[in-house]
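J.: Just upload39.cif, nothing more (mmCIF, C-alpha atoms):
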```cif
data_upload
loop_
_atom_site.label_atom_id
_atom_site.label_comp_id
_atom_site.auth_asym_id
_atom_site.auth_seq_id
_atom_site.Cartn_x
_atom_site.Cartn_y
_atom_site.Cartn_z
CA MET A 297 9.18 27.91 -30.77
CA ASN A 298 10.17 24.39 -31.54
CA PHE A 299 10.30 21.08 -29.84
CA LYS A 300 13.96 21.34 -29.17
CA ARG A 301 13.11 24.15 -26.85
CA LEU A 302 10.49 22.03 -25.25
CA VAL A 303 13.06 19.36 -24.82
CA PHE A 304 15.38 21.72 -23.10
CA GLY A 305 12.68 22.99 -20.87
CA LEU A 306 11.52 19.61 -19.86
CA SER A 307 15.06 18.57 -19.28
CA VAL A 308 15.18 20.83 -16.32
CA THR A 309 12.31 18.93 -14.99
CA ILE A 310 14.02 15.77 -15.80
CA GLY A 311 17.22 16.57 -14.23
CA SER A 312 15.75 17.96 -11.15
CA VAL A 313 13.92 14.78 -10.69
CA ALA A 314 17.06 12.75 -10.76
CA SER A 315 18.69 14.45 -7.84
CA ALA A 316 17.88 17.70 -6.33
CA GLY A 317 18.86 18.98 -3.01
CA ALA A 318 20.80 18.93 0.14
CA CYS A 319 18.10 18.23 2.58
CA SER A 320 16.92 18.09 6.07
CA ASN A 321 13.68 16.60 7.22
CA SER A 322 10.67 16.88 5.03
CA SER A 323 7.47 15.08 4.40
CA SER A 324 5.88 16.84 1.50
CA SER A 325 3.86 14.65 -0.73
CA GLY A 326 2.10 14.94 -4.01
CA THR A 327 -1.42 13.97 -4.72
CA SER A 328 -3.82 13.81 -7.60
CA PRO A 329 -1.69 13.00 -10.60
CA VAL A 330 -2.13 15.21 -13.56
CA ASP A 331 -3.88 12.49 -15.47
CA ALA A 332 -6.97 12.75 -13.35
CA GLY A 333 -10.03 13.81 -15.22
CA LEU A 334 -8.55 13.65 -18.66
CA ASP A 335 -10.79 13.70 -21.57
CA SER A 336 -10.29 12.36 -25.00
CA ALA A 337 -12.49 11.75 -27.93
CA THR A 338 -13.91 8.37 -28.55
CA THR A 339 -11.99 6.17 -30.86
CA GLY A 340 -12.76 3.37 -33.13
CA ASP A 341 -11.80 -0.11 -32.16
CA THR A 342 -8.70 0.03 -34.29
CA GLY A 343 -7.09 2.74 -32.24
CA THR A 344 -6.18 4.73 -35.30
CA SER A 345 -8.52 7.65 -34.86
CA LEU A 346 -7.19 9.09 -31.67
CA ASP A 347 -8.12 12.52 -30.51
CA SER A 348 -5.63 15.33 -30.90
CA GLY A 349 -5.08 18.56 -29.16
CA VAL A 350 -5.72 19.92 -25.69
CA ALA A 351 -7.27 23.33 -25.27
CA CYS A 352 -5.20 25.79 -23.30
CA ASN A 353 -6.56 26.46 -19.85
CA PRO A 354 -7.63 30.01 -19.15
CA GLY A 355 -5.15 32.17 -17.28
CA ALA A 356 -3.05 35.26 -17.75
CA THR A 357 0.28 33.53 -17.24
CA LEU A 358 1.63 30.08 -17.92
CA TYR A 359 1.85 29.63 -14.16
CA ASP A 360 -1.87 30.28 -13.92
CA ARG A 361 -2.70 28.04 -16.86
CA LEU A 362 -0.74 25.18 -15.34
CA GLY A 363 -2.86 25.50 -12.20
CA GLY A 364 -0.44 27.43 -10.04
CA TYR A 365 1.82 25.68 -7.58
CA ALA A 366 -0.65 22.87 -6.90
CA GLY A 367 -1.20 22.15 -10.57
CA ILE A 368 2.49 22.16 -11.36
CA HIS A 369 3.22 19.95 -8.37
CA ALA A 370 0.61 17.44 -9.52
CA ALA A 371 2.19 17.40 -12.97
CA ILE A 372 5.63 16.84 -11.48
CA VAL A 373 4.38 13.97 -9.35
CA ALA A 374 2.93 12.34 -12.46
CA ILE A 375 6.18 12.81 -14.37
CA VAL A 376 8.25 11.32 -11.56
CA GLY A 377 5.98 8.30 -11.48
CA GLN A 378 6.35 7.75 -15.20
CA GLU A 379 10.11 8.19 -15.07
CA LEU A 380 10.39 5.65 -12.27
CA ALA A 381 8.41 3.20 -14.38
CA ASN A 382 11.23 3.11 -16.92
CA PRO A 383 13.90 0.65 -15.76
CA GLU A 384 16.77 2.60 -17.26
CA ILE A 385 15.72 6.05 -16.17
CA ALA A 386 14.82 4.70 -12.72
CA SER A 387 18.46 3.68 -12.28
CA TYR A 388 19.36 7.36 -11.87
CA PHE A 389 17.09 7.53 -8.84
CA PHE A 390 19.07 5.05 -6.81
CA ASN A 391 19.21 7.37 -3.82
CA GLN A 392 15.51 8.12 -3.86
CA VAL A 393 14.44 4.47 -3.82
CA ALA A 394 17.01 3.43 -1.23
CA SER A 395 15.70 2.77 2.25
CA PRO A 396 16.58 4.86 4.07
CA VAL A 397 17.53 7.60 1.62
CA PRO A 398 21.27 8.22 2.22
CA ALA A 399 22.11 11.26 4.30
CA GLY A 400 22.66 14.37 2.21
CA HIS A 401 20.44 13.19 -0.63
CA PRO A 402 16.90 14.30 -1.30
CA THR A 403 13.84 12.13 -1.07
CA ALA A 404 11.54 11.81 -4.05
CA ASP A 405 9.13 14.22 -2.36
CA GLN A 406 11.86 16.79 -1.91
CA ILE A 407 12.89 16.48 -5.52
CA GLU A 408 9.31 17.01 -6.56
CA ASP A 409 9.13 20.15 -4.43
CA CYS A 410 12.37 21.56 -5.83
CA PHE A 411 11.28 20.79 -9.34
CA THR A 412 7.92 22.41 -8.72
CA VAL A 413 9.57 25.61 -7.56
CA LEU A 414 11.86 25.51 -10.57
CA LEU A 415 9.03 25.15 -13.05
CA ALA A 416 6.81 27.59 -11.17
CA SER A 417 9.59 30.15 -11.35
CA ALA A 418 10.14 29.57 -15.06
CA ALA A 419 6.40 29.79 -15.72
CA GLY A 420 6.10 33.25 -14.22
CA GLY A 421 4.98 32.30 -10.74
CA PRO A 422 6.06 34.13 -7.59
CA TYR A 423 9.15 31.98 -7.02
CA THR A 424 12.88 32.02 -7.66
CA TYR A 425 15.13 29.01 -8.13
CA PRO A 426 17.00 27.98 -6.09
CA PRO A 427 14.58 29.38 -3.52
CA ASP A 428 16.17 31.53 -0.85
CA GLY A 429 16.02 29.78 2.48
CA GLY A 430 15.06 26.46 0.94
CA VAL A 431 11.68 24.88 0.46
CA THR A 432 9.27 24.49 3.33
CA THR A 433 7.61 21.12 3.39
CA ASP A 434 4.13 20.21 4.44
CA ALA A 435 5.56 19.00 7.72
CA GLY A 436 7.19 22.35 8.37
CA GLY A 437 10.80 21.34 7.74
CA THR A 438 12.99 22.95 5.13
CA PHE A 439 15.57 21.75 2.68
CA LEU A 440 17.78 23.36 0.06
CA CYS A 441 17.47 22.90 -3.69
CA ARG A 442 20.77 22.87 -5.56
CA ASP A 443 21.70 24.39 -8.89
CA MET A 444 21.42 22.41 -12.12
CA ALA A 445 25.13 21.69 -12.62
CA THR A 446 25.67 20.50 -9.08
CA ILE A 447 22.67 18.24 -9.36
CA HIS A 448 23.36 16.63 -12.70
CA GLN A 449 27.03 16.39 -13.48
CA PRO A 450 27.76 13.57 -11.02
CA LEU A 451 25.00 11.53 -12.65
CA LEU A 452 26.86 11.30 -15.98
CA ILE A 453 23.67 11.70 -17.99
CA SER A 454 24.01 10.84 -21.68
CA GLY A 455 22.30 12.61 -24.53
CA GLY A 456 20.21 9.49 -25.16
CA SER A 457 19.13 9.25 -21.54
CA PHE A 458 18.23 12.93 -21.64
CA ASP A 459 16.09 12.41 -24.73
CA GLU A 460 14.37 9.41 -23.18
CA PHE A 461 13.58 11.37 -20.04
CA VAL A 462 12.21 14.21 -22.13
CA SER A 463 10.12 11.86 -24.20
CA ILE A 464 8.55 10.37 -21.09
CA ALA A 465 7.94 13.77 -19.53
CA ALA A 466 6.43 15.16 -22.71
CA ALA A 467 4.15 12.17 -23.08
CA THR A 468 3.05 12.60 -19.48
CA LEU A 469 2.22 16.28 -19.90
CA ALA A 470 0.73 16.10 -23.38
CA PRO A 471 -2.75 14.88 -22.43
CA THR A 472 -3.34 17.88 -20.15
CA VAL A 473 -1.11 20.72 -21.31
CA CYS A 474 -1.82 22.41 -24.61
CA ALA A 475 0.83 22.42 -27.31
CA THR A 476 1.43 26.14 -27.06
CA ASP A 477 2.13 25.97 -23.37
CA LEU A 478 4.33 22.91 -23.78
CA ALA A 479 6.42 24.85 -26.26
CA THR A 480 6.47 27.90 -24.02
CA ILE A 481 7.76 25.87 -21.12
CA GLY A 482 10.56 24.77 -23.35
CA SER A 483 11.44 28.20 -24.62
CA VAL A 484 11.59 29.66 -21.13
CA LEU A 485 13.97 26.98 -19.97
CA GLU A 486 15.97 26.63 -23.18
CA GLY A 487 19.64 26.03 -22.91
CA THR A 488 19.80 23.72 -19.93
CA LYS A 489 20.73 20.61 -21.87
CA THR A 490 24.41 21.43 -21.84
CA THR A 491 24.22 21.83 -18.10
CA ILE A 492 22.44 18.56 -17.57
CA VAL A 493 24.12 16.24 -20.06
CA PHE A 494 27.66 15.13 -19.25
CA ALA A 495 29.61 16.49 -22.22
CA PRO A 496 31.62 13.34 -23.07
CA LEU A 497 28.33 11.45 -23.24
CA ALA A 498 26.45 14.00 -25.32
CA ASP A 499 26.33 11.70 -28.34
CA ALA A 500 25.86 8.48 -26.39
CA GLY A 501 22.55 6.66 -26.49
CA LEU A 502 20.22 5.69 -23.70
CA GLN A 503 22.15 4.29 -20.77
CA SER A 504 21.42 3.15 -17.27
CA PHE A 505 23.44 4.67 -14.44
CA PRO A 506 26.41 4.80 -14.45
CA GLY A 507 26.99 5.16 -18.18
CA THR A 508 30.29 5.03 -20.02
CA VAL A 509 31.88 6.98 -22.82
CA ASP A 510 31.88 4.03 -25.19
CA GLY A 511 28.13 3.80 -24.98
CA GLY A 512 28.04 0.63 -22.99
CA THR A 513 27.28 0.36 -19.34
CA GLU A 514 29.88 0.12 -16.67
CA GLN A 515 30.14 -3.39 -15.28
CA MET B 189 58.22 13.75 18.58
CA ALA B 190 61.50 12.64 17.06
CA PRO B 191 62.63 14.39 13.84
CA SER B 192 62.35 11.13 11.86
CA SER B 193 58.80 10.59 13.04
CA LYS B 194 57.91 14.14 12.12
CA ARG B 195 59.37 13.60 8.67
CA ARG B 196 57.43 10.37 8.14
CA LEU B 197 54.27 12.04 9.35
CA GLY B 198 54.88 14.91 6.99
CA ILE B 199 55.45 12.58 4.06
CA ALA B 200 52.29 10.63 4.88
CA ALA B 201 50.24 13.82 5.19
CA GLY B 202 51.67 15.11 1.92
CA ALA B 203 50.89 11.85 0.15
CA LEU B 204 47.36 11.87 1.50
CA LEU B 205 46.86 15.42 0.35
CA GLY B 206 48.27 14.56 -3.07
CA VAL B 207 46.01 11.55 -3.52
CA THR B 208 43.00 13.55 -2.35
CA ALA B 209 43.83 16.34 -4.77
CA ALA B 210 44.28 13.87 -7.64
CA ILE B 211 40.94 12.19 -6.93
CA GLY B 212 39.27 15.56 -6.67
CA ALA B 213 40.86 16.75 -9.92
CA LEU B 214 39.67 13.62 -11.75
CA HIS B 215 36.12 14.43 -10.75
CA ALA B 216 36.35 18.03 -11.96
CA PRO B 217 34.44 18.75 -15.17
CA PHE B 218 37.59 19.13 -17.27
CA ALA B 219 38.91 15.71 -16.24
CA ARG B 220 35.76 13.63 -16.13
CA SER B 221 36.36 12.17 -19.58
CA LEU B 222 39.76 10.92 -18.38
CA LEU B 223 38.15 9.42 -15.31
CA MET B 224 35.60 7.67 -17.48
CA ARG B 225 38.30 6.25 -19.71
CA LEU B 226 40.08 4.96 -16.64
CA GLY B 227 36.99 2.93 -15.87
CA GLY B 228 34.88 5.45 -14.02
CA CYS B 229 34.67 6.20 -10.35
CA PRO B 230 34.85 2.92 -8.43
CA LEU B 231 32.42 4.29 -5.86
CA ALA B 232 29.79 4.75 -8.55
CA GLY B 233 29.29 1.00 -8.57
CA ALA B 234 27.98 1.24 -5.04
CA SER B 235 25.15 3.35 -6.36
CA LYS B 236 23.73 0.78 -8.72
CA MET B 237 20.14 -0.24 -8.23
CA THR B 238 19.32 -3.56 -6.70
CA PRO B 239 16.13 -5.51 -7.46
CA VAL B 240 14.79 -4.37 -4.09
CA GLU B 241 15.20 -0.73 -5.08
CA MET B 242 13.86 -1.36 -8.56
CA GLU B 243 10.78 -2.83 -6.94
CA ARG B 244 10.33 0.33 -4.86
CA ALA B 245 10.51 2.40 -8.02
CA ARG B 246 7.98 0.15 -9.73
CA HIS B 247 5.57 0.36 -6.82
CA ILE B 248 5.74 4.18 -6.91
CA ALA B 249 5.02 4.06 -10.64
CA ALA B 250 2.20 1.59 -10.08
CA GLU B 251 0.29 4.20 -8.09
CA ALA B 252 -1.07 5.25 -11.48
CA ARG B 253 -2.84 1.90 -11.86
CA GLY B 254 -6.52 1.54 -12.67
CA THR B 255 -9.28 -0.22 -10.81
CA GLU B 256 -10.23 -3.12 -13.09
CA SER B 257 -8.03 -6.14 -13.74
CA ALA B 258 -6.67 -6.40 -17.26
CA PRO B 259 -8.35 -8.84 -19.65
CA ALA B 260 -4.86 -9.64 -20.95
CA ARG B 261 -1.37 -8.41 -20.16
CA PRO B 262 0.54 -8.25 -23.43
CA ALA B 263 4.31 -7.75 -23.13
CA LEU B 264 5.76 -8.64 -26.51
CA LEU B 265 7.14 -12.16 -26.43
CA PHE B 266 7.31 -12.38 -22.66
CA VAL B 267 4.87 -12.98 -19.81
CA LEU B 268 4.83 -10.53 -16.92
CA ASP B 269 5.25 -12.08 -13.47
CA SER B 270 6.09 -15.39 -15.14
CA SER B 271 9.03 -15.11 -17.52
CA THR B 272 12.24 -15.37 -15.53
CA LEU B 273 15.70 -13.91 -15.85
CA ALA B 274 16.88 -17.33 -16.96
CA ASP B 275 14.17 -17.41 -19.62
CA VAL B 276 15.32 -14.05 -20.96
CA HIS B 277 18.96 -15.08 -20.96
CA ALA B 278 18.01 -18.22 -22.86
CA TRP B 279 15.98 -16.17 -25.33
CA ALA B 280 18.92 -13.82 -25.87
CA ALA B 281 21.28 -16.70 -26.51
CA ARG B 282 18.82 -18.41 -28.84
CA THR B 283 18.14 -15.31 -30.92
CA HIS B 284 21.68 -13.89 -30.69
CA ALA B 285 20.29 -10.70 -29.21
CA ASP B 286 22.90 -8.19 -28.02
CA CYS B 287 22.04 -8.09 -24.33
CA GLU B 288 23.84 -7.30 -21.09
CA ASP B 289 23.00 -7.14 -17.39
CA PRO B 290 24.15 -3.69 -16.25
CA HIS B 291 23.08 -4.47 -12.73
CA PRO B 292 21.13 -7.21 -10.98
CA GLY B 293 17.52 -7.27 -12.07
CA LEU B 294 17.98 -5.38 -15.33
CA VAL B 295 18.70 -6.70 -18.82
CA LEU B 296 19.35 -4.27 -21.67
CA CYS B 297 19.30 -5.39 -25.27
CA LYS B 298 20.35 -3.29 -28.25
CA ASN B 299 19.18 -3.49 -31.85
CA VAL B 300 16.70 -6.28 -31.31
CA THR B 301 15.25 -7.57 -34.54
CA PRO B 302 11.48 -7.93 -34.83
CA GLU B 303 11.96 -11.59 -35.67
CA ALA B 304 13.63 -12.16 -32.30
CA LEU B 305 10.43 -10.96 -30.64
CA GLY B 306 8.08 -12.73 -32.98
CA LEU B 307 6.97 -9.50 -34.59
CA ASP B 308 6.26 -8.61 -38.19
CA PRO B 309 9.54 -7.60 -39.86
CA ALA B 310 7.80 -4.50 -41.15
CA VAL B 311 7.84 -2.92 -37.67
CA GLY B 312 11.63 -2.65 -37.76
CA SER B 313 14.25 -3.19 -35.09
CA ILE B 314 13.98 -2.02 -31.51
CA ASP B 315 16.97 0.12 -30.63
CA THR B 316 16.76 -0.54 -26.90
CA LEU B 317 14.81 -3.20 -25.03
CA ALA B 318 14.91 -2.95 -21.23
CA LEU B 319 13.67 -5.80 -19.04
CA GLY B 320 13.29 -5.35 -15.29
CA PHE B 321 12.92 -8.19 -12.79
CA ASP B 322 11.63 -8.44 -9.24
CA THR B 323 13.45 -9.96 -6.29
CA GLN B 324 12.38 -13.43 -7.42
CA SER B 325 13.88 -12.79 -10.86
CA ARG B 326 10.48 -12.63 -12.51
CA LEU B 327 9.89 -10.18 -15.34
CA VAL B 328 7.79 -7.24 -14.12
CA ASN B 329 8.81 -4.30 -16.29
CA GLU B 330 9.57 -3.92 -19.97
CA SER B 331 10.20 -0.97 -22.23
CA THR B 332 11.23 -0.48 -25.83
CA LEU B 333 12.67 2.49 -27.66
CA ARG B 334 12.86 2.97 -31.40
CA GLU B 335 14.84 6.02 -32.52
CA HIS B 336 15.68 7.84 -35.73
CA LEU B 337 12.47 6.70 -37.40
CA SER B 338 10.87 8.24 -40.42
CA ALA B 339 7.53 9.84 -39.65
CA GLU B 340 5.80 7.31 -41.83
CA ARG B 341 7.38 4.32 -40.12
CA ALA B 342 6.81 5.78 -36.66
CA SER B 343 3.17 6.37 -37.47
CA ARG B 344 2.57 2.96 -39.01
CA THR B 345 4.35 1.09 -36.23
CA ALA B 346 2.73 3.07 -33.41
CA ARG B 347 -0.74 2.70 -34.86
CA GLY B 348 -0.20 -1.01 -35.27
CA ILE B 349 0.91 -1.37 -31.65
CA VAL B 350 -2.00 0.68 -30.32
CA ALA B 351 -4.47 -1.22 -32.47
CA SER B 352 -3.10 -4.52 -31.20
CA LEU B 353 -3.34 -3.38 -27.58
CA GLN B 354 -6.86 -2.06 -28.02
CA SER B 355 -7.97 -5.32 -29.57
CA LYS B 356 -6.84 -7.10 -26.40
CA LEU B 357 -7.51 -4.47 -23.74
CA GLY B 358 -10.26 -2.24 -25.05
CA PRO B 359 -9.95 1.53 -25.57
CA ALA B 360 -7.03 3.36 -24.02
CA GLU B 361 -7.84 5.15 -20.78
CA ARG B 362 -5.93 8.24 -21.85
CA ARG B 363 -4.73 9.40 -25.20
CA SER B 364 -3.49 12.48 -26.93
CA GLY B 365 -2.32 13.15 -30.44
CA THR B 366 -3.13 11.23 -33.55
CA PHE B 367 -0.03 9.17 -34.27
CA ASP B 368 -0.40 10.32 -37.85
CA THR B 369 2.47 10.87 -40.23
CA ALA B 370 1.90 14.58 -40.73
CA ALA B 371 1.97 15.28 -36.99
CA LEU B 372 5.02 13.11 -36.38
CA ALA B 373 6.88 14.87 -39.17
CA ARG B 374 6.71 18.14 -37.25
CA PRO B 375 9.25 18.58 -34.46
CA GLY B 376 7.57 20.00 -31.41
CA ALA B 377 4.57 19.46 -29.25
CA ALA B 378 2.42 18.53 -32.25
CA GLY B 379 4.50 15.41 -32.70
CA ILE B 380 3.60 14.01 -29.30
CA SER B 381 1.04 11.23 -29.32
CA THR B 382 0.26 8.93 -26.43
CA ALA B 383 -2.03 6.05 -25.51
CA ALA B 384 -2.16 4.81 -21.93
CA PHE B 385 -3.86 1.67 -20.66
CA ARG B 386 -4.42 1.43 -16.92
CA PHE B 387 -5.58 -1.61 -14.97
CA SER B 388 -5.23 -2.72 -11.38
CA ASP B 389 -2.59 -5.29 -12.34
CA TYR B 390 -1.11 -3.91 -15.53
CA LEU B 391 0.03 -0.66 -17.15
CA ALA B 392 0.84 -0.16 -20.81
CA ASP B 393 1.90 2.97 -22.64
CA VAL B 394 2.69 3.80 -26.24
CA SER B 395 4.06 7.22 -27.12
CA THR B 396 5.74 9.01 -29.97
CA THR B 397 7.71 12.24 -29.93
CA ASN B 398 9.72 14.10 -32.51
CA LEU B 399 12.86 15.54 -30.94
CA GLY B 400 13.88 17.47 -34.00
CA PRO B 401 17.44 16.56 -34.92
CA THR B 402 16.98 12.91 -34.02
CA GLY B 403 13.56 12.60 -35.63
CA PRO B 404 10.55 10.69 -34.34
CA LEU B 405 11.00 8.13 -31.63
CA LEU B 406 8.57 5.53 -30.40
CA ARG B 407 8.32 4.11 -26.90
CA GLU B 408 6.40 1.14 -25.54
CA HIS B 409 6.10 0.33 -21.87
CA TYR B 410 4.53 -2.72 -20.23
CA MET B 411 4.54 -3.15 -16.47
CA SER B 412 3.02 -5.45 -13.92
CA ALA B 413 1.10 -3.48 -11.30
CA ARG B 414 0.76 -6.43 -8.98
CA ASP B 415 2.26 -6.05 -5.50
#
```
Would you give me this structure, written as structure tokens?
T.:
Amino acid sequence: MNFKRLVFGLSVTIGSVASAGACSNSSSSGTSPVDAGLDSATTGDTGTSLDSGVACNPGATLYDRLGGYAGIHAAIVAIVGQELANPEIASYFFNQVASPVPAGHPTADQIEDCFTVLLASAAGGPYTYPPDGGVTTDAGGTFLCRDMATIHQPLLISGGSFDEFVSIAAATLAPTVCATDLATIGSVLEGTKTTIVFAPLADAGLQSFPGTVDGGTEQ
Amino acid sequence: MAPSSKRRLGIAAGALLGVTAAIGALHAPFARSLLMRLGGCPLAGASKMTPVEMERARHIAAEARGTESAPARPALLFVLDSSTLADVHAWAARTHADCEDPHPGLVLCKNVTPEALGLDPAVGSIDTLALGFDTQSRLVNESTLREHLSAERASRTARGIVASLQSKLGPAERRSGTFDTAALARPGAAGISTAAFRFSDYLADVSTTNLGPTGPLLREHYMSARD
């Protein structure tokens, strides 16, 4: 179990966040970011004696330890917020921050719901991805979550952008998810990087959307 | 319909079909690299973020803000909500920083030397510096990325940054990991360390991860949380 696997696993999260579904009406919303109630050891005033390690939550399955659907959804909401804080990564969410969201593109809430189902499925919860019949929102509407390739290939995601997204997601989860479970998430979802990263940009660094093969940014 | 009209209509329909097929083929996975080399899809440009949309993204991110106002709002050499796009362009020209504006409201700089940012040379270059601006062209968002670091350098630099922030802001609201060399040398979850500072008007984050083949990387993020 290594971090590369974690990277791959989180990449699913990542990618799903960037664009996830053909949608109809929905109004689902996330609450209580995962950072609520975090604990850490006291530190000295130099900041060099930071606490390490998070104990694994009790639970028979990873799905249980992550807090079930609600816990996973809260984690996803926190990740999306952190990704949107990054100016370069945020550029891949152009549809989600448009007003109104263009027809045929998911809202941020819908992406969060699709991503939650995806991770819940991978963590051993009672879900399959893409979910048959779509996802039912809090408001009662439904929308469809698309497969990984359909979602990501038009976004021309570079290897560097993928790594940056993963780094942000990992940093968001780390204070509340124990290392073993972080690695497990990765191992379950291993192998999605090739689906998410646009092959000609696999070796390119961090780019804003739309990237280019030469590593620069399209003008 | 006259035979000549039918023929012209047929030619036009055939041409339309051919163009449509060619455009479709260029967007297929096997031809995307060719499309990119031809300059990319011209419609992709319509999808670029505007400062208005970047502000929406920032406001969503700012929902993670704290309750107290920050005693200071460090952001490297710049001043959040004050430094302007023109200031940054002037800084880039003065320091010969390799910067570009990929879309309105965003400046990306590559391989920025510590001297250009007034930092100790020992902290090394920043591989990517991203600067986001609001609709009034004021700096509101800033992030740095250092890649391919040694574990020792990543640890030393990260600890220095966190110590500097804590001296100005007080203890981090959230933290995980130790930022120590031994942890950063191990690819995997053990290599993740974070420190997050949350105020009503300011967010700052420092994090390290070790992605295995690419080694440790270090991120800094400074953002105005003002409306």
J.: I need the contact residues of chain B against chain A, so if you could list those with any atom within 7 Å, counting only C-alpha atoms, and return them as a CSV table (one decimal) with C-alpha atoms, in the coordinates of the input, that would help.
T.:
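Full text of part_12.csv as output:
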```csv
chain,number,residue,atom,x,y,z
B,221,SER,CA,36.4,12.2,-19.6
B,224,MET,CA,35.6,7.7,-17.5
B,232,ALA,CA,29.8,4.8,-8.6
B,235,SER,CA,25.2,3.4,-6.4
B,236,LYS,CA,23.7,0.8,-8.7
B,237,MET,CA,20.1,-0.2,-8.2
B,241,GLU,CA,15.2,-0.7,-5.1
B,244,ARG,CA,10.3,0.3,-4.9
B,245,ALA,CA,10.5,2.4,-8.0
B,246,ARG,CA,8.0,0.2,-9.7
B,248,ILE,CA,5.7,4.2,-6.9
B,249,ALA,CA,5.0,4.1,-10.6
B,290,PRO,CA,24.2,-3.7,-16.2
B,318,ALA,CA,14.9,-3.0,-21.2
B,320,GLY,CA,13.3,-5.4,-15.3
B,331,SER,CA,10.2,-1.0,-22.2
B,347,ARG,CA,-0.7,2.7,-34.9
B,350,VAL,CA,-2.0,0.7,-30.3
B,351,ALA,CA,-4.5,-1.2,-32.5
B,354,GLN,CA,-6.9,-2.1,-28.0
B,355,SER,CA,-8.0,-5.3,-29.6
B,362,ARG,CA,-5.9,8.2,-21.8
B,363,ARG,CA,-4.7,9.4,-25.2
B,364,SER,CA,-3.5,12.5,-26.9
B,365,GLY,CA,-2.3,13.2,-30.4
B,366,THR,CA,-3.1,11.2,-33.6
B,375,PRO,CA,9.2,18.6,-34.5
B,376,GLY,CA,7.6,20.0,-31.4
B,377,ALA,CA,4.6,19.5,-29.2
B,378,ALA,CA,2.4,18.5,-32.2
B,380,ILE,CA,3.6,14.0,-29.3
B,382,THR,CA,0.3,8.9,-26.4
B,395,SER,CA,4.1,7.2,-27.1
B,397,THR,CA,7.7,12.2,-29.9
B,399,LEU,CA,12.9,15.5,-30.9
B,400,GLY,CA,13.9,17.5,-34.0
```
J.: Between CA of Arg407 (chain B) and CA of Leu273 (chain B), measure the distance and give it in Å to one decimal.
T.: 22.4 Å
J.: Might you spell out which residues the PyMOL selection byres ((chain A and resi 493) around 7) would select in the displayed file, as a list in words?
T.: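 Residues picked by the PyMOL selection byres ((chain A and resi 493) around 7): Leu452, Ile453, Ser454, Gly455, Phe458, Lys489, Thr490, Thr491, Ile492, Phe494, Ala495 and Ala498 of chain A.
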J.: In the coordinates of the file, take the point (13.2, -12.8, -25.6) and a cut-off of 8 Å; then, counting only C-alpha atoms, name each qualifying protein, DNA or RNA residue as a list in words.
T.: Leu265, Phe266, Asp275, Val276, His277, Ala278, Trp279, Ala280, Thr283, Ala304 and Leu305 of chain B
J.: Leaving out Leu358 (chain A) and any residue of its chain fewer than 4 positions from it, which residues lie within 8 Å of it when counting all atoms listed in the file, given as a VMD selection string?
T.: chain A and resid 362 419 to 420 477
J.: Extract, using only C-alpha atoms, all DNA, RNA and protein residues at most 8 Å from Ala346 (chain B), discarding same-chain residues fewer than 3 positions from it, and format them as JSON, numbers by chain.
T.: {"B": [342, 343, 349, 350, 367, 394, 395, 396, 406]}
J.: So how far away is CA of Pro404 (chain B) from CA of Leu372 (chain B), in Å?
T.: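 So the two atoms, CA of Leu372 (chain B) and CA of Pro404 (chain B), lie 6.4 Å apart.
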J.: On this structure, the PyMOL selection byres ((chain A and resi 426) around 8) would catch which residues? List them as a PyMOL selection string, sorted by chain and number.
T.: chain A and resi 410+413-414+424-425+427-428+430+440-443
J.: Grab the CA of Glu408 (chain B) to CA of Pro292 (chain B) distance for me, in Å with one decimal place.
T.: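 Value for the CA of Glu408 (chain B)-CA of Pro292 (chain B) distance: 22.3 Å.
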J.: Taking into account all atoms listed in the file, which residue in the set A:Cys352, A:Val397, A:Ala371, A:Ala366 is nearest to Gly421 (chain A)?
T.: A:Ala366
